[in-house]
Amino acid sequence: MERIDIKSLNLEELTAQLKELGLPAFRAKQIYQWVHEKLVASFDDMTNLSKGLRDQLKERYELITLQIVDVRISQIDGTRKYLFGLPDGHIIESVLMKYKHGNSVCISSQVGCRMGCRFCASTLDGLERNLRPSEMLDQIYRIQTDLGERVSNVVVMGSGEPMDNYDNLIRFIHLLTDEHGLNISQRNITVSTCGIVPGILKLAEEDLQITLALSLHAPNDEVRKTLMPVANKYKLVDILAACHQYFVKTGRRLTFEYSLVSGVNDNLDEARALVNLIKDQQAHVNLIPVNPIKERDYVQSNQKAIQEFKGYLEKHGINVTVRREMGRDIGGACGQLRKSYMDQKKED
Ligand code: SF4
């Protein structure tokens, strides 16, 4: 019999299941806290349960725990890149960034990705599979345990398109913000999408206070299509209307991510077009100097172009920052560490 993924169950579901085994509600709460608050990696660590009960749990449930395969720590800013092994042997990547306001973890939501963005290493081998809620959570749980410090912010911006794994994403958010678990504030969670319109509209109805980030990367559909195949499916006018709807429903200011690629989307004509496109949105623009990846020929914009682009947006009343490059000394763009690990394994 296939065992149930206990870390993906909410407290209500766990209570109902344990009731069937004749266990009282307080036991479910104890077990839930072991899993989601004390972050134990095995049933045997649940020391206030009898051995008999622990054995019973092991028979019925699986406690998904990721294995740390590699960690790289930046000597410059303390950023840590983690490679995790999943129970079925797949490898995923997560990043911890240390800021003054707290520890922030960027997690993956899928193994690989099928969106095909031209500047992204995560998509080079396509989509392998969706991550379960437990596998998304455990990236944070293992990092918090390894670091010995609380994680306060979570960004779903690693490998994968979160809207392509929608139900697991929503369950993950509810578990992560549960008062009997890590209890991370919804306002400290950001979900980044490449612009899946039905997903954005659905998320707007979830009654959540999370931040929605849109990977915009171009001021018009033509340029966007050269960078992101998803632009052939959803037009900017519809994506931005959905984003506005998200703001109306939640009151949460949006984030627009814009990777600057030299000669592709970083001149002043594009800055002007971008201002026209988003001037009526309640949004913050995050400019990202694109990380070169060896399989593509994109080059990072130079400092002068970045500052001119930023200056133009500011002059026209757009709230804008340039993303600080974190962990510069521990290897490139998101998904690249995993990619080089997998390539290395293929050669061995
Ligand atoms: S940028 Fe995001 S959506 Fe695009 S291919 Fe990479 S992981 Fe997928």
# chains A, B, ... in the order shown; residues from 1 in each chain; ligands from 1
>>> residues_near_ligand(ligand="ligand 1", cutoff="6 Å", atoms="only C-alpha atoms and all ligand atoms", output="ChimeraX atom specification")
/A:113,115-117,120,122-123,159-161,194
>>> write_last_selection(atoms="all heavy atoms", output="PDB file, in the first residue's frame")
ATOM      1  N   CYS A 113      11.230  22.909 -15.816  1.00  0.00           N
ATOM      2  CA  CYS A 113      10.123  23.816 -16.151  1.00  0.00           C
ATOM      3  C   CYS A 113       9.836  23.671 -17.630  1.00  0.00           C
ATOM      4  O   CYS A 113      10.731  23.421 -18.430  1.00  0.00           O
ATOM      5  CB  CYS A 113      10.537  25.266 -15.842  1.00  0.00           C
ATOM      6  SG  CYS A 113       9.220  26.461 -16.159  1.00  0.00           S
ATOM      7  N   MET A 115       8.288  26.119 -19.460  1.00  0.00           N
ATOM      8  CA  MET A 115       7.935  27.419 -20.029  1.00  0.00           C
ATOM      9  C   MET A 115       8.934  27.928 -21.069  1.00  0.00           C
ATOM     10  O   MET A 115       8.610  28.790 -21.869  1.00  0.00           O
ATOM     11  CB  MET A 115       7.769  28.456 -18.906  1.00  0.00           C
ATOM     12  CG  MET A 115       6.598  28.161 -17.996  1.00  0.00           C
ATOM     13  SD  MET A 115       5.020  28.171 -18.908  1.00  0.00           S
ATOM     14  CE  MET A 115       4.114  26.920 -18.016  1.00  0.00           C
ATOM     15  N   GLY A 116      10.161  27.427 -21.017  1.00  0.00           N
ATOM     16  CA  GLY A 116      11.104  27.707 -22.115  1.00  0.00           C
ATOM     17  C   GLY A 116      11.669  29.121 -22.184  1.00  0.00           C
ATOM     18  O   GLY A 116      12.127  29.530 -23.266  1.00  0.00           O
ATOM     19  N   CYS A 117      11.655  29.880 -21.094  1.00  0.00           N
ATOM     20  CA  CYS A 117      12.208  31.242 -21.149  1.00  0.00           C
ATOM     21  C   CYS A 117      13.671  31.168 -21.598  1.00  0.00           C
ATOM     22  O   CYS A 117      14.442  30.350 -21.092  1.00  0.00           O
ATOM     23  CB  CYS A 117      12.097  31.932 -19.799  1.00  0.00           C
ATOM     24  SG  CYS A 117      10.399  32.043 -19.204  1.00  0.00           S
ATOM     25  N   CYS A 120      16.811  31.336 -19.111  1.00  0.00           N
ATOM     26  CA  CYS A 120      16.701  30.560 -17.872  1.00  0.00           C
ATOM     27  C   CYS A 120      17.293  29.158 -18.016  1.00  0.00           C
ATOM     28  O   CYS A 120      16.959  28.426 -18.950  1.00  0.00           O
ATOM     29  CB  CYS A 120      15.223  30.458 -17.503  1.00  0.00           C
ATOM     30  SG  CYS A 120      14.942  29.434 -16.066  1.00  0.00           S
ATOM     31  N   SER A 122      16.801  26.700 -15.924  1.00  0.00           N
ATOM     32  CA  SER A 122      15.927  25.660 -15.349  1.00  0.00           C
ATOM     33  C   SER A 122      15.121  24.916 -16.399  1.00  0.00           C
ATOM     34  O   SER A 122      14.609  23.829 -16.153  1.00  0.00           O
ATOM     35  CB  SER A 122      14.934  26.285 -14.359  1.00  0.00           C
ATOM     36  OG  SER A 122      15.616  26.928 -13.345  1.00  0.00           O
ATOM     37  N   THR A 123      14.966  25.524 -17.551  1.00  0.00           N
ATOM     38  CA  THR A 123      14.044  24.977 -18.541  1.00  0.00           C
ATOM     39  C   THR A 123      14.754  24.200 -19.651  1.00  0.00           C
ATOM     40  O   THR A 123      14.121  23.623 -20.523  1.00  0.00           O
ATOM     41  CB  THR A 123      13.221  26.140 -19.148  1.00  0.00           C
ATOM     42  OG1 THR A 123      12.104  25.634 -19.841  1.00  0.00           O
ATOM     43  CG2 THR A 123      14.068  27.008 -20.080  1.00  0.00           C
ATOM     44  N   SER A 159      13.248  27.166  -9.750  1.00  0.00           N
ATOM     45  CA  SER A 159      12.828  26.406 -10.935  1.00  0.00           C
ATOM     46  C   SER A 159      11.336  26.145 -10.908  1.00  0.00           C
ATOM     47  O   SER A 159      10.769  25.802  -9.865  1.00  0.00           O
ATOM     48  CB  SER A 159      13.545  25.054 -10.965  1.00  0.00           C
ATOM     49  OG  SER A 159      14.916  25.262 -11.108  1.00  0.00           O
ATOM     50  N   GLY A 160      10.724  26.285 -12.061  1.00  0.00           N
ATOM     51  CA  GLY A 160       9.305  25.961 -12.182  1.00  0.00           C
ATOM     52  C   GLY A 160       8.426  27.182 -12.305  1.00  0.00           C
ATOM     53  O   GLY A 160       8.797  28.273 -11.890  1.00  0.00           O
ATOM     54  N   GLU A 161       7.253  26.963 -12.913  1.00  0.00           N
ATOM     55  CA  GLU A 161       6.230  28.006 -12.990  1.00  0.00           C
ATOM     56  C   GLU A 161       5.159  27.629 -11.959  1.00  0.00           C
ATOM     57  O   GLU A 161       4.438  26.636 -12.134  1.00  0.00           O
ATOM     58  CB  GLU A 161       5.649  28.051 -14.420  1.00  0.00           C
ATOM     59  CG  GLU A 161       4.327  28.782 -14.563  1.00  0.00           C
ATOM     60  CD  GLU A 161       4.332  30.203 -14.016  1.00  0.00           C
ATOM     61  OE1 GLU A 161       5.197  31.009 -14.405  1.00  0.00           O
ATOM     62  OE2 GLU A 161       3.455  30.515 -13.180  1.00  0.00           O
ATOM     63  N   CYS A 194       5.340  33.706 -14.899  1.00  0.00           N
ATOM     64  CA  CYS A 194       5.740  34.261 -16.193  1.00  0.00           C
ATOM     65  C   CYS A 194       4.529  34.856 -16.906  1.00  0.00           C
ATOM     66  O   CYS A 194       4.653  35.372 -18.016  1.00  0.00           O
ATOM     67  CB  CYS A 194       6.438  33.199 -17.035  1.00  0.00           C
ATOM     68  SG  CYS A 194       5.393  31.840 -17.511  1.00  0.00           S
TER      69      CYS A 194
END
>>> closest_residue(among="A:Ile306, A:Val320, A:Val35, A:Ile200", to="Asn286 of chain A", atoms="only C-alpha atoms")
A:Val320
>>> residues_around(residues="Leu63 of chain A", least_positions_apart="3", cutoff="12 Å", atoms="only C-alpha atoms", output="short mmCIF file (atom, residue, chain, number, x, y, z; two decimals) with C-alpha atoms, in the first residue's frame")
data_model
loop_
_atom_site.label_atom_id
_atom_site.label_comp_id
_atom_site.auth_asym_id
_atom_site.auth_seq_id
_atom_site.Cartn_x
_atom_site.Cartn_y
_atom_site.Cartn_z
CA ARG A 3 2.01 5.49 2.15
CA ILE A 4 0.38 8.89 2.64
CA ASP A 5 2.53 12.03 2.42
CA ILE A 6 1.94 13.29 5.97
CA LYS A 7 3.74 16.63 5.44
CA SER A 8 1.24 17.63 2.74
CA LEU A 9 -1.77 17.15 5.07
CA ILE A 31 2.45 15.15 15.42
CA TYR A 32 1.65 18.16 13.25
CA TRP A 34 6.75 17.80 15.20
CA VAL A 35 6.49 17.93 11.42
CA HIS A 36 5.84 21.63 10.80
CA LEU A 39 10.86 20.22 11.67
CA VAL A 40 11.95 16.69 12.56
CA ALA A 41 13.34 14.50 9.80
CA SER A 42 12.03 11.14 11.06
CA PHE A 43 9.18 9.64 13.05
CA ASP A 44 11.72 8.37 15.58
CA ASP A 45 12.51 11.97 16.56
CA MET A 46 8.92 12.42 17.83
CA ARG A 54 5.71 5.72 15.87
CA LEU A 57 2.74 6.01 11.76
CA LYS A 58 5.71 4.73 9.74
CA GLU A 59 3.56 2.00 8.25
CA ARG A 60 0.84 4.36 7.13
CA LEU A 66 15.00 16.29 1.40
CA LEU A 86 14.23 14.25 -3.60
CA PRO A 87 13.04 10.77 -2.53
CA SER A 134 5.76 18.68 1.27
CA GLU A 135 8.70 19.01 -1.13
CA LEU A 137 7.94 23.08 2.39
CA ASP A 138 10.93 20.91 3.13
#
>>> closest_residue(among="A:Lys233, A:Tyr166, A:Leu96, A:Val223", to="Gly78 of chain A", atoms="only C-alpha atoms")
A:Leu96
>>> select_by_dssp(residues="segment 114-307 of chain A", states="alpha helix (DSSP H)", output="number ranges by chain")
A: 133-147, 166-176, 197-204, 221-227, 236-250, 268-278, 303-307
>>> closest_atom_pairs(of="segment 73-103 of chain A", to="segment 186-192 of chain A", cutoff="12 Å", atoms="only C-alpha atoms", output="CSV")
residue,atom,partner,partner_atom,distance
A:His101,CA,A:Asn188,CA,10.8
A:Gly102,CA,A:Asn188,CA,10.4
A:Asn103,CA,A:Asn188,CA,10.7
>>> select_by_dssp(residues="segment 118-210 of chain A", states="strand (DSSP E or B)", output="list in words")
Leu127, Glu128, Arg129, Asn130, Val151, Ser152, Asn153, Val154, Val155, Val156, Ile189, Thr190, Val191, Ser192 and Thr193 of chain A
>>> closest_residue(among="A:Leu182, A:Leu124, A:Val264, A:Leu212", to="Ile140 of chain A", atoms="only C-alpha atoms")
A:Leu182
>>> closest_residue(among="A:Met136, A:Leu277, A:Met228, A:Val322", to="Arg114 of chain A", atoms="only C-alpha atoms")
A:Met228
>>> residues_around(residues="Asn168 of chain A", least_positions_apart="2", cutoff="9 Å", atoms="only C-alpha atoms", output="ChimeraX atom specification")
/A:8,109,130-134,136,162,165-166,170-173
>>> residues_around(residues="Arg323 of chain A", least_positions_apart="3", cutoff="8 Å", atoms="only C-alpha atoms", output="PyMOL selection string")
chain A and resi 286-289
>>> write_last_selection(atoms="N, CA, C and O atoms", output="compact mmCIF listing (two decimals), in the first residue's frame")
# COMPACT_ATOMS: atom_id res chain seq x y z
N ASN A 286 11.43 45.72 -10.51
CA ASN A 286 12.69 45.18 -10.04
C ASN A 286 13.54 44.88 -11.27
O ASN A 286 13.22 43.97 -12.04
N LEU A 287 14.58 45.67 -11.48
CA LEU A 287 15.45 45.43 -12.64
C LEU A 287 16.51 44.41 -12.26
O LEU A 287 17.15 44.53 -11.21
N ILE A 288 16.66 43.41 -13.11
CA ILE A 288 17.61 42.33 -12.82
C ILE A 288 18.68 42.27 -13.90
O ILE A 288 18.36 41.96 -15.05
N PRO A 289 19.91 42.60 -13.56
CA PRO A 289 20.96 42.41 -14.56
C PRO A 289 21.06 40.92 -14.85
O PRO A 289 21.36 40.13 -13.97
>>> closest_residue(among="A:Glu257, A:Asp167, A:Glu222, A:Asp125", to="Asp343 of chain A", atoms="only C-alpha atoms")
A:Asp125
>>> residues_around(residues="Gln282 of chain A", least_positions_apart="5", cutoff="9 Å", atoms="only C-alpha atoms", output="number ranges by chain")
A: 244, 247, 252-255
>>> atom_distance(atom1="atom CA of Ile318 of chain A", atom2="atom CA of Ala231 of chain A")
23.5 Å
